[in-house]
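For reference, the structure is listed below as structure tokens.
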Amino acid sequence: MLIVSLALTATAVPWAAELRFDQRLESLYADDDPILADFLRSHRWFGGDEFAIVAFEQPNLFAANGTELTAASRETLRQLVTQINQIPGVNPDSTQDLASSLKFRFGRKRVREMLEGILVGRDGTTTAVIARLVPQNQKNAVPRGETIQALRQLKIAEDTTTYIVGEPVQIHDMFSYVEQDGHDLFLLSTALLSTVLLVIFRSLRWVFLPLSVVFITIVWTQAILVLLEVQLTMVSSMLNSLVTIISVATVTHVSVHYRETRKEHDRVDALRITLQDLLPAVFWTCGTTAVGFAALTISSLTPVQSFGLMMALATLLVLLTTAIVLPAGILVGRFQADPGSAPGEQSLRRLLDGLANWIEQRPRTLGLTLFAAALLAAMGLFRLQVETNFSKNFHRDSPIVRSLEFVEDRLGGAGTWEVNFPAPAQLTDEFLNRVRQLTFNLRKLQGDGDAQVTKVVSLTDGLDLIPSVPLLIRDVDDKLRMLSRLQNDFVSGLYNSKMGRMRIVLRAREQQTAESKNELINHVEKLVTQEFPGNGSREQDARATGTFVLLTFLIDSLMNDQLLSFGLASLGIFLMMTIAFRCWRIGLVSLIPNMFPIVMVLGTMGWIGLRINIATAMIASVSMGLTVDCSIHYLSGYRRARQRGLSRSESLRNTHQAVGRALILSNLALIAGFTALTASHFIPLVYFGILVSVAICGGLLGNLILMPLLICLVERSRLPRADVASGRL
């Protein structure tokens, strides 16, 4: 079996190497999602807002009159624009800067007012150059990462720092950090787990065995994903790390049981007994873990769906590779054939024995205490909120966060978005007057607080700068042509006559709450719909869209997915446990100790104000799938003890000693693996690692403390004695 598995692995390696990481913003949504459809339609109509903003502080930017740049400022901007336009991946025909915009001779004061918050800050010393990047779907397009890296290396002066923000920059940084983390965290989790295993078993063989299971499982999983034409996404980038953690925890149970059995049997018999005792439990633990992950496939978010699918597949492969690899790995050779004992195991024995005594002596007090704690935590569930502040996804000292904070403080806001609405193929004065009124109404929302826009730009702003000149500039069409010559892409970026669509571009603060963003988006859509009602269809009605809107609704929809996926995972695990133990009471009992830590973790998040993000939203389903493994092993151990004729009290003590140590050691491996996620550059993964580790600790305590109480309760109920004798309990 080992030779066959190695041959299959060697065959799968070339395929596994073809697995790619999907870094498109569209990959975060389902193909038929209406919010994504609005975003893509806007890109087709107006060319997209793939702008990179290069902002910096320039002392003495303006001359004394405040509307004309100093000679030094003009030269600085000229040199910077020249550098930017030479960068591969930048469209040189669309670069916007303050010097070029102020060449317009008419109404320079009004021009500066219009550009304030875009190319110049209110302080009069902050300016920006806006570069339009070449779309990545164009043939021979330069990789976006190379362009952004070149922009970040721009030099103006020794004492001048440039800050780079914009939709493509934010999306690139988010995906690149996550992709890099996928590789780094896999290595770190492997190193941590190897160290833990070496300490626990004091044997290189028993470190190499679980790592072999990990390697083969990962290669097979990746190869199957390539054959299924599935790509990694932002969430599933931690696939390798999670496979490592689950594989090591599974093998640890087998290792501890084999070590104890070897005290009385030779290697072959010890292995046979271990497999007879544990393979059913390992089968059901892998199955319930897969169900926990599979519940995520009902999510409305594509990355969460694919993550659930990948991890369900990988978890089932862990079962297969464990069964194939371990027999030969345990029996071949004599070098360090048996696992050793972990330091402090005798103390652990005494601790578990004392815990069993405590549970038996104070069951009522313990049960009431746990119930009160769970009830208090459950009240915190109603206080849970989502996190949509983009900068909260990264460490404070990262380039993207420092750039966002600079632009938010100096230029008013880094969240660029739009609202588009129907427009005639031929613009009229009557229609443009309505656009002016709408622009005026939207500017009433401008301010420095939350739920307010910081900038509004419409086509009428540019048209109003063009004076009427007899015989030369007589009507709207003449003004549109003049405006297009003065500022490339200004008209086409706001009005599409062929599609009959116009948009108004807005800016808002990225660093604000989800509630404020939702309130602002809804308010803007309401104002536009009142002026331009459309015809009732989504494609024709007024729609707010843009990266700012997409990311807001991306996290917001997770709250609904959380409850549904958790409910589905709980139902699936209940059914599997009922089938496994042939008793619905045991299926119900197995859920309670594992729901307890999840309620505690999520409730505490609500009480302390820790917000739900794209990673922490999956905690409930993932934790349920992982912690229920403890229940299966505990109940299986208890059942074996009862089948040997031990009393309930003796069985519980025996299970605490035989299974309890394995649970603690395997959960120690799980926690060590998830601790590696705290080294991530992507803050949601840091929280995910910490909170899942806490949930695993809670699940361990639940199964060592709450599970014995529930077993006693079930056995005292109307459960027939035949259930115990037949092995159902």
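For the structure tokens, the naming scheme is as follows: chains receive sequential letters (A, B, ...) according to their order of presentation, residues are indexed from 1 within each chain, and ligands are indexed from 1 in presentation order.
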| said: Which of stretch 448-696 of chain A end up as strand (DSSP E or B) when DSSP is run on this backbone - answer as a PyMOL selection string? | reply: chain A and resi 453-457+469+473+495-496+501-508+543-545+612+682
| message | I need the residues in stretch 421-585 of chain A that are helix (DSSP H, G or I) according to DSSP; give them as a PyMOL selection string. | response | chain A and resi 429-443+459-463+476-486+514-531+547-556+558-581+584-585
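Near A:Arg112, within 10 Å and counting only C-alpha atoms, sit A:Gly66, A:Thr67, A:Glu68, A:Leu98, A:Ser101, A:Leu102, A:Gly107, A:Arg108, A:Lys109, A:Leu115, A:Glu116, A:Gly117, A:Ile118, A:Leu119, A:Val120, A:Gly121, not including residues fewer than 3 positions from it in the same chain.
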Per-residue nearest contacts of stretch 563-611 of chain A to stretch 694-704 of chain A (9 Å; only C-alpha atoms) as a tab-separated table:
residue	atom	partner	partner_atom	distance
A:Ser590	CA	A:Asn703	CA	8.6
A:Ile592	CA	A:Gly702	CA	8.3
A:Pro593	CA	A:Gly702	CA	4.6
A:Asn594	CA	A:Gly699	CA	5.3
A:Met595	CA	A:Gly699	CA	8.1
A:Phe596	CA	A:Gly702	CA	7.1
A:Pro597	CA	A:Gly698	CA	4.7
A:Ile598	CA	A:Ala695	CA	6.0
A:Met600	CA	A:Ala695	CA	8.1
A:Val601	CA	A:Ala695	CA	6.5
| Of the residues A:Ala99, A:Val491, A:Leu271, A:Ile35, which is the one nearest to A:Val111, using only C-alpha atoms? | A:Ala99
| task | Using only C-alpha atoms, determine which residues lie at most 7 Å from stretch 650-654 of chain A, disregarding the query and same-chain residues fewer than 3 positions distant; provide the list as an MDAnalysis selection string. | result | chainID A and resid 353 356 638 641:642 646:647 657:658 708
| With only C-alpha atoms as the basis for distance, which of A:Leu442, A:Val54, A:Leu459, A:Leu706 is at the shortest distance from A:His523? | A:Leu442
| said: So that I can see what lies close to A:Met618, please list as a PyMOL selection string the residues with an atom at most 12 Å from it, counting only C-alpha atoms and leaving out residues fewer than 6 positions away in the same chain. | reply: chain A and resi 235-236+292-299+301+303-305+307-308+555+558-566+569+598+602+612+624-625+684-685+687-689+691-692
Write the residues of the preceding selection, restricted to N, CA and C atoms, as a short mmCIF file (atom, residue, chain, number, x, y, z; two decimals), in the first residue's frame.
data_model
loop_
_atom_site.label_atom_id
_atom_site.label_comp_id
_atom_site.auth_asym_id
_atom_site.auth_seq_id
_atom_site.Cartn_x
_atom_site.Cartn_y
_atom_site.Cartn_z
N VAL A 235 -9.40 32.90 0.75
CA VAL A 235 -9.63 32.14 1.97
C VAL A 235 -8.91 30.80 1.93
N SER A 236 -8.99 30.10 0.80
CA SER A 236 -8.44 28.75 0.72
C SER A 236 -6.92 28.74 0.58
N GLY A 292 -18.31 19.60 8.68
CA GLY A 292 -18.17 20.98 9.17
C GLY A 292 -17.68 21.91 8.09
N PHE A 293 -16.69 21.45 7.32
CA PHE A 293 -16.18 22.29 6.23
C PHE A 293 -17.18 22.36 5.07
N ALA A 294 -17.81 21.23 4.76
CA ALA A 294 -18.75 21.20 3.64
C ALA A 294 -19.93 22.14 3.87
N ALA A 295 -20.26 22.41 5.13
CA ALA A 295 -21.37 23.33 5.41
C ALA A 295 -21.08 24.73 4.87
N LEU A 296 -19.80 25.05 4.68
CA LEU A 296 -19.45 26.37 4.17
C LEU A 296 -19.80 26.53 2.69
N THR A 297 -20.08 25.44 2.00
CA THR A 297 -20.38 25.54 0.58
C THR A 297 -21.72 26.21 0.31
N ILE A 298 -22.54 26.38 1.35
CA ILE A 298 -23.83 27.06 1.15
C ILE A 298 -23.65 28.58 1.19
N SER A 299 -22.43 29.04 1.47
CA SER A 299 -22.18 30.48 1.54
C SER A 299 -22.46 31.14 0.19
N LEU A 301 -20.64 33.51 -0.80
CA LEU A 301 -19.33 34.02 -1.22
C LEU A 301 -18.51 32.89 -1.84
N PRO A 303 -15.21 32.50 -2.43
CA PRO A 303 -14.03 31.99 -1.73
C PRO A 303 -14.36 31.09 -0.54
N VAL A 304 -15.45 31.39 0.15
CA VAL A 304 -15.85 30.55 1.28
C VAL A 304 -16.38 29.21 0.77
N GLN A 305 -17.12 29.23 -0.33
CA GLN A 305 -17.62 27.99 -0.93
C GLN A 305 -16.46 27.08 -1.33
N PHE A 307 -13.40 27.14 -0.34
CA PHE A 307 -12.64 26.72 0.84
C PHE A 307 -13.31 25.51 1.50
N GLY A 308 -14.63 25.57 1.66
CA GLY A 308 -15.35 24.45 2.25
C GLY A 308 -15.20 23.18 1.42
N ILE A 555 -18.39 41.54 3.34
CA ILE A 555 -18.30 41.16 4.75
C ILE A 555 -19.70 41.13 5.37
N LEU A 558 -21.61 37.92 5.25
CA LEU A 558 -21.08 36.82 6.04
C LEU A 558 -21.93 36.55 7.29
N MET A 559 -22.56 37.56 7.83
CA MET A 559 -23.36 37.38 9.03
C MET A 559 -24.51 36.39 8.77
N ASN A 560 -25.15 36.52 7.61
CA ASN A 560 -26.23 35.60 7.27
C ASN A 560 -25.69 34.19 7.02
N ASP A 561 -24.54 34.11 6.34
CA ASP A 561 -23.94 32.81 6.04
C ASP A 561 -23.52 32.09 7.32
N GLN A 562 -23.06 32.86 8.31
CA GLN A 562 -22.54 32.26 9.54
C GLN A 562 -23.59 31.37 10.20
N LEU A 563 -24.79 31.92 10.41
CA LEU A 563 -25.85 31.18 11.09
C LEU A 563 -26.29 29.97 10.28
N LEU A 564 -26.45 30.16 8.98
CA LEU A 564 -26.93 29.07 8.13
C LEU A 564 -25.92 27.93 8.05
N SER A 565 -24.64 28.26 7.83
CA SER A 565 -23.62 27.22 7.71
C SER A 565 -23.42 26.50 9.04
N PHE A 566 -23.50 27.24 10.15
CA PHE A 566 -23.36 26.61 11.46
C PHE A 566 -24.51 25.65 11.73
N ALA A 569 -23.97 22.58 9.57
CA ALA A 569 -22.89 21.75 10.12
C ALA A 569 -23.39 20.98 11.34
N ILE A 598 -18.08 27.35 21.05
CA ILE A 598 -18.39 28.27 19.95
C ILE A 598 -19.26 29.43 20.44
N LEU A 602 -17.89 33.27 20.23
CA LEU A 602 -18.63 34.28 19.48
C LEU A 602 -19.31 35.28 20.41
N ILE A 612 -16.67 40.69 13.23
CA ILE A 612 -16.60 39.55 12.32
C ILE A 612 -15.95 40.00 11.02
N MET A 624 -16.70 23.58 14.96
CA MET A 624 -17.59 22.46 15.24
C MET A 624 -17.03 21.18 14.62
N GLY A 625 -16.56 21.27 13.37
CA GLY A 625 -16.00 20.10 12.71
C GLY A 625 -14.74 19.58 13.38
N PRO A 684 -7.29 39.11 9.34
CA PRO A 684 -8.35 38.11 9.55
C PRO A 684 -7.83 36.71 9.83
N LEU A 685 -6.71 36.32 9.21
CA LEU A 685 -6.14 35.00 9.48
C LEU A 685 -5.53 34.94 10.87
N TYR A 687 -6.71 36.54 13.55
CA TYR A 687 -7.86 36.34 14.43
C TYR A 687 -8.41 34.92 14.30
N PHE A 688 -8.43 34.41 13.06
CA PHE A 688 -8.92 33.06 12.83
C PHE A 688 -8.08 32.05 13.62
N GLY A 689 -6.75 32.17 13.54
CA GLY A 689 -5.87 31.26 14.26
C GLY A 689 -6.07 31.33 15.76
N LEU A 691 -8.76 32.57 17.52
CA LEU A 691 -10.10 32.21 17.97
C LEU A 691 -10.39 30.72 17.81
N VAL A 692 -9.90 30.11 16.72
CA VAL A 692 -10.08 28.67 16.57
C VAL A 692 -9.30 27.93 17.65
#
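Comparing the minimum interatomic distances between A:Leu445 and each of A:Met499, A:Val524, A:Leu232, A:Leu28, counting only C-alpha atoms, we find that A:Val524 sits nearest.
Atom CA of A:Phe39 is positioned 6.0 Å from atom CA of A:Gly546.
For the pair atom CA of A:Ala141 and atom CA of A:Glu50, the separation is 13.5 Å.
All residues of protein, DNA or RNA that reach within 8 Å of A:Thr547, judged by only C-alpha atoms and not counting those fewer than 5 positions away in the chain, are Glu167, Gly415, Thr416 and Trp417 of chain A.
Among A:Ala71, A:Leu480, A:Met114, A:Leu352, the residue with the shortest atom-to-atom distance to A:Asp461, counting only C-alpha atoms, is A:Met114.
Between atom CA of A:Thr545 and atom CA of A:Gly462 the separation is 22.1 Å.
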